[in-house]
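Here is coords.txt, consisting of compact mmCIF, C-alpha atoms:
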```txt
# COMPACT_ATOMS: atom_id res chain seq x y z
CA MET H 246 0.00 0.00 0.00
CA ARG H 247 1.06 3.60 -0.47
CA VAL H 248 1.36 5.68 2.71
CA ALA H 249 2.05 9.38 3.29
CA MET H 250 3.29 10.21 6.80
CA ILE H 251 2.89 13.89 7.67
CA GLY H 252 5.54 14.71 10.28
CA THR H 253 8.99 13.17 10.83
CA GLY H 254 9.13 13.54 14.59
CA TYR H 255 9.39 10.60 16.93
CA VAL H 256 6.05 9.01 16.06
CA GLY H 257 6.08 9.81 12.34
CA LEU H 258 9.60 8.60 11.66
CA VAL H 259 9.30 5.37 13.67
CA SER H 260 5.86 4.57 12.22
CA GLY H 261 6.94 5.39 8.68
CA ALA H 262 10.07 3.25 8.88
CA CYS H 263 8.16 0.32 10.40
CA PHE H 264 5.36 0.48 7.81
CA ALA H 265 8.05 0.50 5.10
CA ASP H 266 9.64 -2.53 6.74
CA PHE H 267 6.24 -4.24 6.51
CA GLY H 268 6.54 -3.81 2.74
CA HIS H 269 4.42 -0.69 2.18
CA VAL H 270 5.72 2.27 0.15
CA VAL H 271 6.04 5.20 2.54
CA THR H 272 6.85 8.88 2.03
CA CYS H 273 7.58 10.87 5.19
CA VAL H 274 6.78 14.56 4.73
CA ASP H 275 8.02 17.46 6.86
CA LYS H 276 8.04 21.26 6.50
CA ASP H 277 11.47 21.55 8.15
CA PRO H 278 14.09 21.64 5.35
CA SER H 279 16.95 20.79 7.74
CA LYS H 280 15.16 17.63 8.92
CA ILE H 281 14.52 16.40 5.38
CA GLU H 282 18.09 17.23 4.35
CA ARG H 283 19.50 15.26 7.29
CA LEU H 284 17.22 12.30 6.66
CA GLU H 285 18.15 12.19 2.97
CA LYS H 286 21.79 12.06 4.05
CA GLY H 287 21.02 9.13 6.32
CA GLU H 288 21.22 11.17 9.53
CA ILE H 289 18.54 10.43 12.12
CA PRO H 290 17.41 13.57 14.04
CA ILE H 291 16.39 11.61 17.15
CA PHE H 292 18.07 8.86 19.14
CA GLU H 293 16.14 5.59 19.10
CA PRO H 294 17.99 2.27 19.21
CA GLY H 295 17.90 0.49 15.83
CA LEU H 296 16.12 3.29 13.97
CA ASP H 297 19.14 4.33 11.90
CA ASP H 298 19.58 0.82 10.48
CA LEU H 299 15.83 0.42 9.89
CA VAL H 300 15.63 3.71 7.97
CA ALA H 301 18.76 2.96 5.95
CA SER H 302 17.63 -0.53 4.88
CA ASN H 303 14.19 0.65 3.75
CA VAL H 304 15.54 3.69 1.90
CA LYS H 305 17.93 1.33 0.12
CA GLY H 306 15.03 -1.02 -0.64
CA GLY H 307 13.05 1.82 -2.25
CA ARG H 308 10.17 1.59 0.23
CA LEU H 309 10.95 4.72 2.27
CA SER H 310 11.57 8.27 1.08
CA PHE H 311 11.41 11.81 2.42
CA ALA H 312 9.91 15.00 0.98
CA LEU H 313 9.39 18.66 1.80
CA ASP H 314 6.45 18.85 -0.58
CA GLY H 315 3.92 16.14 0.15
CA ALA H 316 1.61 16.79 -2.79
CA GLU H 317 2.59 13.79 -4.90
CA ALA H 318 2.69 11.40 -1.93
CA ILE H 319 -0.72 12.52 -0.66
CA ARG H 320 -2.38 12.28 -4.08
CA SER H 321 -1.24 8.70 -4.57
CA ALA H 322 -1.73 7.52 -0.97
CA ASP H 323 -4.16 4.88 0.22
CA ALA H 324 -3.67 6.27 3.71
CA VAL H 325 -2.37 9.64 4.90
CA PHE H 326 -1.18 9.68 8.52
CA ILE H 327 -1.12 12.87 10.56
CA ALA H 328 1.82 12.52 12.97
CA VAL H 329 2.56 16.10 13.93
CA GLY H 330 3.18 17.54 17.39
CA THR H 331 0.38 18.37 19.82
CA PRO H 332 2.25 20.16 22.64
CA SER H 333 0.52 21.61 25.67
CA ARG H 334 -0.83 25.04 24.85
CA ARG H 335 0.69 27.76 26.98
CA GLY H 336 -1.62 29.19 29.58
CA ASP H 337 -4.39 26.60 29.72
CA GLY H 338 -2.81 23.13 29.25
CA HIS H 339 -5.05 22.18 26.32
CA ALA H 340 -3.39 20.31 23.44
CA ASP H 341 -2.26 22.73 20.72
CA LEU H 342 -3.93 21.40 17.56
CA SER H 343 -2.67 24.07 15.15
CA TYR H 344 -0.30 21.63 13.39
CA VAL H 345 -3.04 19.01 13.11
CA HIS H 346 -5.48 21.50 11.58
CA ALA H 347 -2.83 22.78 9.15
CA ALA H 348 -2.12 19.20 8.04
CA ALA H 349 -5.85 18.59 7.50
CA GLU H 350 -6.08 21.73 5.35
CA GLU H 351 -3.17 20.58 3.21
CA ILE H 352 -4.51 17.04 2.85
CA ALA H 353 -7.96 18.32 1.87
CA GLY H 354 -6.63 20.04 -1.23
CA LEU H 355 -4.66 17.04 -2.47
CA ILE H 356 -6.44 13.72 -1.91
CA GLU H 357 -7.65 11.85 -5.00
CA GLY H 358 -9.93 8.84 -4.91
CA PHE H 359 -10.96 7.17 -1.65
CA THR H 360 -8.33 8.06 0.99
CA VAL H 361 -8.11 7.15 4.64
CA VAL H 362 -6.88 10.08 6.76
CA VAL H 363 -5.41 8.63 9.94
CA THR H 364 -4.72 10.59 13.11
CA LYS H 365 -1.56 9.16 14.67
CA SER H 366 -0.91 12.25 16.78
CA THR H 367 -2.27 12.20 20.32
CA VAL H 368 -5.36 14.40 20.16
CA PRO H 369 -8.30 15.24 22.43
CA VAL H 370 -11.67 13.57 22.00
CA GLY H 371 -13.53 15.07 19.07
CA THR H 372 -10.47 16.05 17.02
CA GLY H 373 -11.36 13.52 14.31
CA ASP H 374 -14.71 15.27 13.91
CA GLU H 375 -12.93 18.59 13.41
CA ILE H 376 -10.49 17.10 10.86
CA GLU H 377 -13.46 15.67 8.95
CA ARG H 378 -15.19 19.06 9.03
CA ILE H 379 -12.07 20.86 7.73
CA ILE H 380 -11.63 18.44 4.81
CA ARG H 381 -15.36 18.31 3.98
CA GLN H 382 -15.62 22.11 4.00
CA LYS H 383 -12.74 22.48 1.57
CA ARG H 384 -13.57 19.45 -0.58
CA PRO H 385 -17.29 18.59 -0.46
CA ASP H 386 -16.71 16.16 -3.34
CA ALA H 387 -13.84 14.20 -1.73
CA GLU H 388 -14.09 10.50 -0.91
CA PHE H 389 -12.38 9.94 2.42
CA ALA H 390 -12.71 8.61 5.96
CA VAL H 391 -11.04 10.03 9.05
CA VAL H 392 -9.68 7.33 11.37
CA SER H 393 -8.11 7.46 14.84
CA ASN H 394 -5.11 5.15 15.26
CA PRO H 395 -3.24 6.15 18.44
CA GLU H 396 0.37 5.12 19.01
CA PHE H 397 1.60 3.28 22.10
CA LEU H 398 5.36 3.51 21.55
CA ARG H 399 7.84 3.59 24.42
CA GLU H 400 10.90 5.67 23.71
CA GLY H 401 13.89 3.34 23.69
CA ALA H 402 11.76 0.37 22.60
CA ALA H 403 9.64 1.93 19.86
CA ILE H 404 10.48 -0.42 16.99
CA GLU H 405 9.69 -3.50 19.07
CA ASP H 406 6.47 -1.85 20.28
CA PHE H 407 5.36 -1.09 16.71
CA LYS H 408 6.17 -4.52 15.33
CA ARG H 409 5.01 -6.56 18.32
CA PRO H 410 2.34 -4.45 19.98
CA ASP H 411 -0.04 -5.51 22.74
CA ARG H 412 -2.86 -4.25 20.53
CA VAL H 413 -3.67 -1.93 17.64
CA VAL H 414 -6.56 0.47 18.27
CA VAL H 415 -8.49 1.75 15.26
CA GLY H 416 -11.33 4.22 15.64
CA THR H 417 -13.72 4.15 12.68
CA GLU H 418 -17.13 2.83 11.67
CA ASP H 419 -16.44 3.12 7.93
CA GLU H 420 -16.15 -0.35 6.36
CA ARG H 421 -13.82 0.73 3.54
CA ALA H 422 -11.53 2.38 6.07
CA LYS H 423 -11.50 -0.77 8.19
CA GLN H 424 -10.32 -2.78 5.18
CA VAL H 425 -7.49 -0.34 4.50
CA MET H 426 -6.38 -0.42 8.13
CA ARG H 427 -6.52 -4.22 8.23
CA GLU H 428 -4.31 -4.35 5.14
CA LEU H 429 -1.82 -1.87 6.58
CA TYR H 430 -1.42 -3.96 9.73
CA ARG H 431 -1.77 -7.37 8.03
CA PRO H 432 1.90 -8.29 8.76
CA LEU H 433 0.98 -8.35 12.47
CA ASN H 434 -1.39 -11.27 11.85
CA LEU H 435 1.58 -13.59 12.26
CA ASN H 436 1.87 -12.45 15.90
CA GLU H 437 -1.92 -12.70 16.33
CA THR H 438 -1.97 -9.07 17.42
CA PRO H 439 -5.50 -8.04 18.41
CA ILE H 440 -6.86 -5.14 16.34
CA LEU H 441 -9.52 -3.36 18.35
CA PHE H 442 -12.04 -1.49 16.23
CA THR H 443 -13.99 1.16 18.11
CA GLY H 444 -15.81 4.39 17.51
CA ARG H 445 -13.49 7.28 16.66
CA ARG H 446 -14.08 9.22 19.87
CA THR H 447 -13.58 6.07 21.93
CA SER H 448 -10.23 5.46 20.23
CA GLU H 449 -9.10 9.02 20.94
CA LEU H 450 -9.98 8.60 24.62
CA ILE H 451 -8.25 5.20 24.90
CA LYS H 452 -4.87 6.84 24.27
CA TYR H 453 -5.34 9.46 26.98
CA ALA H 454 -6.82 6.97 29.42
CA ALA H 455 -3.90 4.56 28.95
CA ASN H 456 -1.24 7.21 29.53
CA ALA H 457 -3.11 8.70 32.48
CA PHE H 458 -3.43 5.29 34.12
CA LEU H 459 0.30 4.58 33.75
CA ALA H 460 1.18 8.03 35.08
CA MET H 461 -1.10 7.37 38.04
CA LYS H 462 0.59 3.99 38.64
CA ILE H 463 4.03 5.63 38.73
CA THR H 464 2.76 8.31 41.09
CA PHE H 465 1.18 5.68 43.35
CA ILE H 466 4.45 3.80 43.85
CA ASN H 467 6.28 7.09 44.42
CA GLU H 468 3.88 7.92 47.23
CA MET H 469 4.33 4.39 48.62
CA ALA H 470 8.09 5.04 48.54
CA ASP H 471 7.65 8.09 50.74
CA LEU H 472 5.55 6.03 53.13
CA CYS H 473 8.18 3.26 53.15
CA GLU H 474 10.81 5.77 54.20
CA ALA H 475 8.58 6.99 57.01
CA VAL H 476 7.78 3.54 58.44
CA GLY H 477 10.95 1.62 57.64
CA ALA H 478 9.70 -0.55 54.77
CA ASP H 479 11.30 -1.30 51.37
CA VAL H 480 9.44 0.03 48.34
CA GLN H 481 11.06 -2.45 45.95
CA GLN H 482 9.73 -5.37 47.96
CA VAL H 483 6.34 -3.65 48.23
CA ALA H 484 6.31 -3.22 44.44
CA ARG H 485 7.22 -6.88 43.92
CA GLY H 486 4.64 -8.01 46.46
CA ILE H 487 1.79 -6.15 44.77
CA GLY H 488 3.10 -6.58 41.22
CA LEU H 489 2.87 -10.36 41.43
CA ASP H 490 -0.89 -9.88 41.65
CA ASN H 491 -2.03 -10.30 38.03
CA ARG H 492 -4.71 -7.71 38.55
CA ILE H 493 -2.00 -5.11 39.22
CA GLY H 494 1.10 -6.25 37.31
CA SER H 495 4.73 -5.30 37.88
CA LYS H 496 5.25 -2.74 35.12
CA PHE H 497 5.52 0.96 36.00
CA LEU H 498 6.01 0.19 39.69
CA HIS H 499 9.52 1.62 39.91
CA ALA H 500 9.88 4.44 42.41
CA GLY H 501 11.90 7.44 41.29
CA PRO H 502 12.02 11.21 40.88
CA GLY H 503 8.73 11.49 38.97
CA TYR H 504 7.61 10.89 35.40
CA GLY H 505 8.56 13.09 32.44
CA GLY H 506 8.86 12.72 28.70
CA SER H 507 6.87 13.61 25.61
CA CYS H 508 3.59 11.92 26.58
CA PHE H 509 2.65 11.59 30.23
CA PRO H 510 2.96 15.26 31.32
CA LYS H 511 1.11 16.77 28.36
CA ASP H 512 -1.44 13.96 28.00
CA THR H 513 -2.48 13.95 31.66
CA LEU H 514 -2.86 17.73 31.52
CA ALA H 515 -4.86 17.58 28.28
CA LEU H 516 -7.15 14.89 29.73
CA VAL H 517 -7.77 17.03 32.81
CA ARG H 518 -8.72 20.00 30.61
CA THR H 519 -10.95 17.89 28.35
CA ALA H 520 -12.73 16.34 31.32
CA THR H 521 -13.24 19.70 33.02
CA ASP H 522 -14.70 21.22 29.84
CA ALA H 523 -17.02 18.20 29.51
CA GLY H 524 -18.26 18.64 33.07
CA ALA H 525 -16.85 15.27 34.16
CA PRO H 526 -13.66 16.11 36.07
CA VAL H 527 -11.03 13.40 36.61
CA ARG H 528 -9.93 14.06 40.18
CA LEU H 529 -7.44 11.19 40.37
CA ILE H 530 -5.57 12.50 37.34
CA GLU H 531 -5.68 16.09 38.58
CA THR H 532 -4.03 14.93 41.81
CA THR H 533 -1.51 12.81 39.88
CA VAL H 534 -0.37 15.89 37.93
CA GLU H 535 -0.01 17.96 41.12
CA ILE H 536 1.91 15.24 43.01
CA ASN H 537 4.30 14.58 40.13
CA ASP H 538 5.09 18.27 39.62
CA ALA H 539 5.83 18.67 43.33
CA ARG H 540 7.94 15.49 43.43
CA LYS H 541 10.32 16.60 40.70
CA LYS H 542 10.83 19.92 42.44
CA ALA H 543 11.55 18.16 45.76
CA MET H 544 14.42 16.00 44.48
CA ALA H 545 17.08 18.69 44.92
CA GLY H 546 16.17 18.70 48.61
CA ARG H 547 17.25 15.05 48.89
CA VAL H 548 20.67 16.00 47.55
CA SER H 549 20.91 18.85 50.04
CA THR H 550 19.93 16.54 52.91
CA ALA H 551 22.66 14.07 51.93
CA LEU H 552 25.20 16.89 52.33
CA GLY H 553 23.95 18.08 55.68
CA GLY H 554 21.38 20.57 54.43
CA ASP H 555 23.71 23.07 52.75
CA LEU H 556 24.68 23.03 49.07
CA SER H 557 26.48 26.36 49.04
CA GLY H 558 29.91 25.94 47.49
CA LYS H 559 29.36 22.21 46.90
CA THR H 560 29.84 20.37 43.61
CA VAL H 561 27.17 17.91 42.47
CA ALA H 562 27.93 15.23 39.88
CA LEU H 563 24.74 14.46 37.98
CA LEU H 564 24.58 11.19 36.02
CA GLY H 565 21.72 11.25 33.53
CA LEU H 566 19.69 14.16 32.18
CA THR H 567 17.06 12.63 29.86
CA PHE H 568 13.71 11.61 31.31
CA LYS H 569 14.55 7.92 30.76
CA PRO H 570 17.41 5.84 29.28
CA ASN H 571 17.82 5.02 25.57
CA THR H 572 16.52 8.37 24.34
CA ASP H 573 17.82 11.91 23.88
CA ASP H 574 14.41 13.33 24.86
CA MET H 575 14.58 16.07 27.49
CA ARG H 576 10.90 16.99 27.49
CA ASP H 577 9.67 17.45 31.07
CA ALA H 578 12.66 15.49 32.38
CA PRO H 579 13.15 15.67 36.17
CA SER H 580 16.58 17.21 35.51
CA LEU H 581 14.85 20.38 34.28
CA ASP H 582 13.58 20.89 37.85
CA VAL H 583 16.53 19.40 39.73
CA VAL H 584 19.38 21.28 38.07
CA PRO H 585 18.02 24.85 38.49
CA ALA H 586 17.15 24.09 42.13
CA LEU H 587 20.68 22.80 42.83
CA ILE H 588 22.25 25.86 41.21
CA ALA H 589 19.87 28.22 43.05
CA ALA H 590 20.99 26.59 46.32
CA GLY H 591 24.60 27.49 45.53
CA ALA H 592 25.86 24.24 44.03
CA THR H 593 28.05 23.72 40.98
CA VAL H 594 26.62 21.02 38.71
CA GLN H 595 28.82 18.70 36.65
CA ALA H 596 26.71 16.46 34.40
CA TYR H 597 27.00 13.62 31.94
CA ASP H 598 24.38 11.87 29.82
CA PRO H 599 25.19 9.37 27.04
CA GLU H 600 22.77 10.90 24.51
CA GLY H 601 21.01 13.92 26.00
CA MET H 602 23.68 16.58 26.49
CA HIS H 603 23.13 18.32 23.15
CA GLU H 604 19.43 18.83 23.93
CA ALA H 605 20.16 19.57 27.59
CA SER H 606 22.60 22.34 26.67
CA LYS H 607 19.71 24.24 25.03
CA LEU H 608 17.55 23.99 28.16
CA LEU H 609 19.91 24.16 31.14
CA ASP H 610 22.16 27.11 31.94
CA GLY H 611 25.19 26.99 34.19
CA VAL H 612 25.90 23.26 33.85
CA LEU H 613 29.41 21.92 33.28
CA PHE H 614 28.89 19.12 30.75
CA LYS H 615 31.47 16.34 30.98
CA ASP H 616 32.73 13.64 28.60
CA GLY H 617 31.95 10.64 30.78
CA PRO H 618 30.63 9.55 34.19
CA TYR H 619 34.06 9.57 35.84
CA ASP H 620 34.84 13.06 34.47
CA ALA H 621 31.56 14.25 35.98
CA VAL H 622 32.32 12.68 39.37
CA GLU H 623 35.89 13.95 39.70
CA GLY H 624 36.14 16.53 42.49
CA ALA H 625 32.43 16.42 43.36
CA ASP H 626 30.99 16.31 46.88
CA VAL H 627 28.15 13.97 45.88
CA VAL H 628 27.16 11.85 42.89
CA VAL H 629 23.48 11.74 41.93
CA ILE H 630 22.00 9.09 39.62
CA LEU H 631 19.05 10.73 37.90
CA THR H 632 18.59 8.48 34.82
CA GLU H 633 19.18 4.71 34.93
CA TRP H 634 21.33 4.34 31.80
CA ASP H 635 22.93 0.88 31.58
CA GLN H 636 26.43 2.30 31.88
CA PHE H 637 25.53 3.74 35.29
CA ARG H 638 24.44 0.32 36.57
CA ALA H 639 27.98 -1.10 36.72
CA LEU H 640 30.15 1.84 37.71
CA ASP H 641 33.59 1.16 39.17
CA LEU H 642 32.53 2.15 42.67
CA ASP H 643 36.06 2.07 44.08
CA ARG H 644 37.10 4.54 41.40
CA ILE H 645 34.01 6.68 42.08
CA LYS H 646 34.92 6.77 45.77
CA LEU H 647 38.47 7.92 45.01
CA LEU H 648 37.27 10.64 42.62
CA LEU H 649 34.71 12.11 45.04
CA LYS H 650 35.73 14.58 47.75
CA GLN H 651 33.57 12.52 50.09
CA PRO H 652 31.86 9.16 49.47
CA VAL H 653 28.24 10.30 49.08
CA MET H 654 25.75 8.95 46.53
CA VAL H 655 22.10 9.90 46.04
CA ASP H 656 20.54 7.19 43.88
CA LEU H 657 17.18 8.46 42.64
CA ARG H 658 16.62 5.30 40.54
CA ASN H 659 17.52 2.62 43.12
CA VAL H 660 20.23 1.19 40.86
CA TYR H 661 22.43 -0.03 43.74
CA ARG H 662 21.83 -2.00 46.94
CA PRO H 663 21.96 -0.07 50.22
CA ASP H 664 23.85 -2.83 52.07
CA ASP H 665 26.50 -3.10 49.34
CA MET H 666 27.01 0.66 49.23
CA ARG H 667 27.37 0.94 53.00
CA ALA H 668 29.83 -1.97 52.99
CA ARG H 669 31.93 -0.05 50.47
CA GLY H 670 32.00 2.95 52.76
CA PHE H 671 29.49 5.18 50.99
CA ARG H 672 26.91 7.42 52.59
CA TYR H 673 24.08 6.27 50.38
CA ALA H 674 20.54 7.58 49.93
CA SER H 675 17.91 6.09 47.64
CA ILE H 676 14.15 6.13 47.14
CA GLY H 677 11.81 4.31 49.51
CA ARG H 678 14.49 2.11 51.15
CA ALA H 679 16.19 2.21 54.52
```
Taking this structure as input, can you express it in the form of structure tokens?
Amino acid sequence: MRVAMIGTGYVGLVSGACFADFGHVVTCVDKDPSKIERLEKGEIPIFEPGLDDLVASNVKGGRLSFALDGAEAIRSADAVFIAVGTPSRRGDGHADLSYVHAAAEEIAGLIEGFTVVVTKSTVPVGTGDEIERIIRQKRPDAEFAVVSNPEFLREGAAIEDFKRPDRVVVGTEDERAKQVMRELYRPLNLNETPILFTGRRTSELIKYAANAFLAMKITFINEMADLCEAVGADVQQVARGIGLDNRIGSKFLHAGPGYGGSCFPKDTLALVRTATDAGAPVRLIETTVEINDARKKAMAGRVSTALGGDLSGKTVALLGLTFKPNTDDMRDAPSLDVVPALIAAGATVQAYDPEGMHEASKLLDGVLFKDGPYDAVEGADVVVILTEWDQFRALDLDRIKLLLKQPVMVDLRNVYRPDDMRARGFRYASIGRA
């Protein structure tokens, strides 16, 4: 099948490359000339494990191409995917749909024959109706169906998630559109992947509900971690004890400094706004947003406590800046709250992240970026693990101890064992453990 993918951000590029790998002919379209130029040179503008090889092999195979002008690709497409950004709108937290609406306007003027217009972007309930209205107003004669097909990709594991998903959700009641979507995802039949067909508005809400539930689950275990510290329990054992219950499950029960990233912060906020406007407020999610925001801001206080309550004149080695490992994404990362608070308290911050320092340098002032974890630790008063990159899981702790002015570690991801760290002579603080 022929596919036009509007947007070469995280979702658009991963989805386009994976559809091409399924055997479809895909053109990824973007208005940013520098992005298209880089992609045509074989340079991938985001870090996602395996994506560079996947793009290269499908470009070589003639199934994947890139274009600034999407006219030809849209005219010939069986399906046109809208995969543009929907950031939180400043001031009110609603999803900014200006890029979605602009894409719909462009698509309306170009489609020929029956075309399925698929919303891959995360959008509030009712956006599909608005896209349909925009296209119908401009092209009353057009044959098309607007479909919701939300993505459920985890950064760092996106290719695996696309090719072996738990489910594919498709929101449409148009029979021709259903056939097109079945054909697009036919390669997943081998894995017996369930394709859930729903109404369009239901599909749009499924995406927000899923992300809000996971954000709430993270926030729940973070609050349990605080309780564990207060009563002398171990949050990791609590998480294992409840996670073995199949009704709960073990995923997303890892205590830490709070969630961040491209989805959870903006999607929870957008769901809160949508629910409030609909007169059906979601109190649990409202509270989740408030708790998570406060938690990220409180993490610098844990570093201060580890150094006796005073950071003035102290040097903090920060390991990890991105919101999670295996990505260069800095959106709403805890480091964006932690670093300014440390600096405001009088500390010097030396930081290292395997992939995120280029993005971090645009967002964080006053940070000394280092070439490796040991460079960051040298001469510091405390080392803080903020992102659980694999290379931070097996540090040479004897070397770390020698490089530090004093053997203090604040492990905000519970990478190490408290007993082991104390046996090595460290003053060690973690999350939700004695």
Item to complete: For Val476 of chain H, work out the shell of residues within 12 Å, counting all atoms listed in the file and skipping chain neighbours fewer than 6 positions away, then give it as a VMD selection string.
Response: chain H and resid 469 to 470 677 to 679
Next item on the list: Kindly give the distance, in Å, that separates atom CA of Glu604 of chain H and atom CA of Ile251 of chain H, rounded to a single decimal.
Entry: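 Pair atom CA of Glu604 of chain H / atom CA of Ile251 of chain H returns 23.7 Å.
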Go ahead and fit an axis-aligned box to every listed atom of segment 538-544 of chain H plus 3 Å each side, and pass me the centre and edge lengths in Å, one decimal, as JSON.
```
{"center_x": 9.8, "center_y": 17.7, "center_z": 42.7, "size_x": 15.3, "size_y": 10.4, "size_z": 12.1}
```
Taking (19.1, 9.4, 18.5) in the coordinates of the supplied file, I want to know which residues reach to within 9 Å of it, counting all atoms listed in the file; could you give the answer as number ranges by chain? H: 289-294, 296-297, 571-574, 600-601
- For Ser366 of chain H, please output as a list of chain:residue names all residues within 7 Å (counting only C-alpha atoms; exclusion window: fewer than 4 positions along the same chain). H:Ile327, H:Ala328, H:Val329, H:Gly330, H:Thr331, H:Pro395
Q | Point-to-point distance from atom CA of Thr272 of chain H to atom CA of Arg247 of chain H, Å rounded to tenths | A |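 Rounded to one decimal, the two atoms are 8.2 Å apart.
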With segment 539-542 of chain H as the partner and 12 Å as the cut-off, tabulate the residues of segment 469-502 of chain H that qualify, each row holding the nearest pair of atoms and their distance in Å to one decimal, using only C-alpha atoms, sorted by chain and rising number, as CSV.
```
residue,atom,partner,partner_atom,distance
H:Ala470,CA,H:Arg540,CA,11.6
H:Asp471,CA,H:Arg540,CA,10.4
H:Ala500,CA,H:Arg540,CA,11.3
H:Gly501,CA,H:Arg540,CA,9.2
H:Pro502,CA,H:Lys541,CA,5.7
```
Problem - Surrounding residues of Leu299 of chain H excluding itself and chain neighbours under 5 positions, 8 Å, all atoms listed in the file, as JSON, numbers by chain - result: {"H": [262, 263, 266]}
Checklist entry - Can you tell me how far atom CA of Phe497 of chain H sits from atom CA of Arg518 of chain H, in Å to one decimal? => result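 Straight-line distance from atom CA of Phe497 of chain H to atom CA of Arg518 of chain H works out to 24.4 Å.
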With distances taken over only C-alpha atoms, the candidate from H:Ile536, H:Ile487, H:Val415, H:Val425 nearest Val248 of chain H is H:Val425
Against segment 505-508 of chain H, which residues of segment 547-613 of chain H fall within 10 Å? For each one I want the closest pair of atoms and the distance in Å (one decimal), counting only C-alpha atoms, rows by chain and increasing residue number, as CSV.
```
residue,atom,partner,partner_atom,distance
H:Thr567,CA,H:Gly506,CA,8.3
H:Phe568,CA,H:Gly505,CA,5.5
H:Lys569,CA,H:Gly506,CA,7.7
H:Thr572,CA,H:Gly506,CA,9.8
H:Asp574,CA,H:Gly506,CA,6.8
H:Met575,CA,H:Gly506,CA,6.7
H:Arg576,CA,H:Gly506,CA,4.9
H:Asp577,CA,H:Gly505,CA,4.7
H:Ala578,CA,H:Gly505,CA,4.8
H:Pro579,CA,H:Gly505,CA,6.5
H:Ser580,CA,H:Gly505,CA,9.5
H:Leu581,CA,H:Gly505,CA,9.8
```
Take the selection from the previous step and output its residues with C-alpha atoms, as a CSV table (one decimal), in the frame of the given file.
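result_38.csv written:
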```
chain,number,residue,atom,x,y,z
H,567,THR,CA,17.1,12.6,29.9
H,568,PHE,CA,13.7,11.6,31.3
H,569,LYS,CA,14.6,7.9,30.8
H,572,THR,CA,16.5,8.4,24.3
H,574,ASP,CA,14.4,13.3,24.9
H,575,MET,CA,14.6,16.1,27.5
H,576,ARG,CA,10.9,17.0,27.5
H,577,ASP,CA,9.7,17.4,31.1
H,578,ALA,CA,12.7,15.5,32.4
H,579,PRO,CA,13.2,15.7,36.2
H,580,SER,CA,16.6,17.2,35.5
H,581,LEU,CA,14.8,20.4,34.3
```
With distances taken over all atoms listed in the file, the candidate from H:Val527, H:Ile379, H:Ala340, H:Cys273 nearest Gly354 of chain H is H:Ile379
task: Considering all atoms listed in the file, state which residue in the set H:Val304, H:Tyr673, H:Thr438, H:Val271 is at the smallest distance from Leu284 of chain H.
output: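 Using all atoms listed in the file, Leu284 of chain H sits closest to H:Val304.
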Dump as a list in words all residues having an atom at most 8 Å from (-2.5, 8.5, 4.3), computed in the file's coordinates with only C-alpha atoms.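 Result, sorted by chain then residue number: Arg247, Val248, Ala249, Met250, Ile319, Ala322, Asp323, Ala324, Val325, Phe326, Ile327, Thr360, Val361, Val362 and Val363 of chain H.
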Which residues are near Arg445 of chain H? Cut-off 6 Å, all atoms listed in the file, ignore same chain within fewer than 6 positions. Put them as a compact mmCIF listing (two decimals) with C-alpha atoms, in the frame of the given file.
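Okay, this is what ended up in out00.txt:
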```txt
# COMPACT_ATOMS: atom_id res chain seq x y z
CA SER H 393 -8.11 7.46 14.84
CA GLY H 416 -11.33 4.22 15.64
CA THR H 417 -13.72 4.15 12.68
```
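Counting only C-alpha atoms and comparing H:Glu449, H:Glu428, H:Asp641, H:Glu357, the residue that lies closest to Gly268 of chain H is H:Glu428.
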Closest of H:Ile463, H:Ala301, H:Leu566, H:Leu514 to Pro332 of chain H, counting all atoms listed in the file, is H:Leu514
*Out of H:Ala545, H:Ile645, H:Met461, H:Leu613, which residue has the shortest atom-to-atom distance to Arg528 of chain H when counting only C-alpha atoms?*
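Answer, going by the shortest atom-to-atom distance: H:Met461.
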Just so I have it separately, write segment 259-266 of chain H from the block I sent, keeping N, CA and C atoms, as an mmCIF file, in the first residue's frame.
```
data_model
loop_
_atom_site.group_PDB
_atom_site.id
_atom_site.type_symbol
_atom_site.label_atom_id
_atom_site.label_comp_id
_atom_site.auth_asym_id
_atom_site.auth_seq_id
_atom_site.Cartn_x
_atom_site.Cartn_y
_atom_site.Cartn_z
ATOM 1 N N VAL H 259 9.338 6.783 13.259
ATOM 2 C CA VAL H 259 9.304 5.372 13.667
ATOM 3 C C VAL H 259 8.185 4.637 12.933
ATOM 4 N N SER H 260 7.000 5.229 12.884
ATOM 5 C CA SER H 260 5.864 4.572 12.219
ATOM 6 C C SER H 260 6.125 4.411 10.727
ATOM 7 N N GLY H 261 6.654 5.463 10.108
ATOM 8 C CA GLY H 261 6.936 5.391 8.681
ATOM 9 C C GLY H 261 7.953 4.328 8.348
ATOM 10 N N ALA H 262 9.026 4.256 9.124
ATOM 11 C CA ALA H 262 10.069 3.254 8.876
ATOM 12 C C ALA H 262 9.533 1.842 9.090
ATOM 13 N N CYS H 263 8.704 1.656 10.117
ATOM 14 C CA CYS H 263 8.162 0.320 10.399
ATOM 15 C C CYS H 263 7.151 -0.108 9.332
ATOM 16 N N PHE H 264 6.285 0.818 8.891
ATOM 17 C CA PHE H 264 5.363 0.482 7.810
ATOM 18 C C PHE H 264 6.135 0.102 6.542
ATOM 19 N N ALA H 265 7.220 0.834 6.259
ATOM 20 C CA ALA H 265 8.046 0.503 5.099
ATOM 21 C C ALA H 265 8.660 -0.881 5.259
ATOM 22 N N ASP H 266 9.055 -1.211 6.482
ATOM 23 C CA ASP H 266 9.641 -2.527 6.742
ATOM 24 C C ASP H 266 8.604 -3.635 6.589
#
```
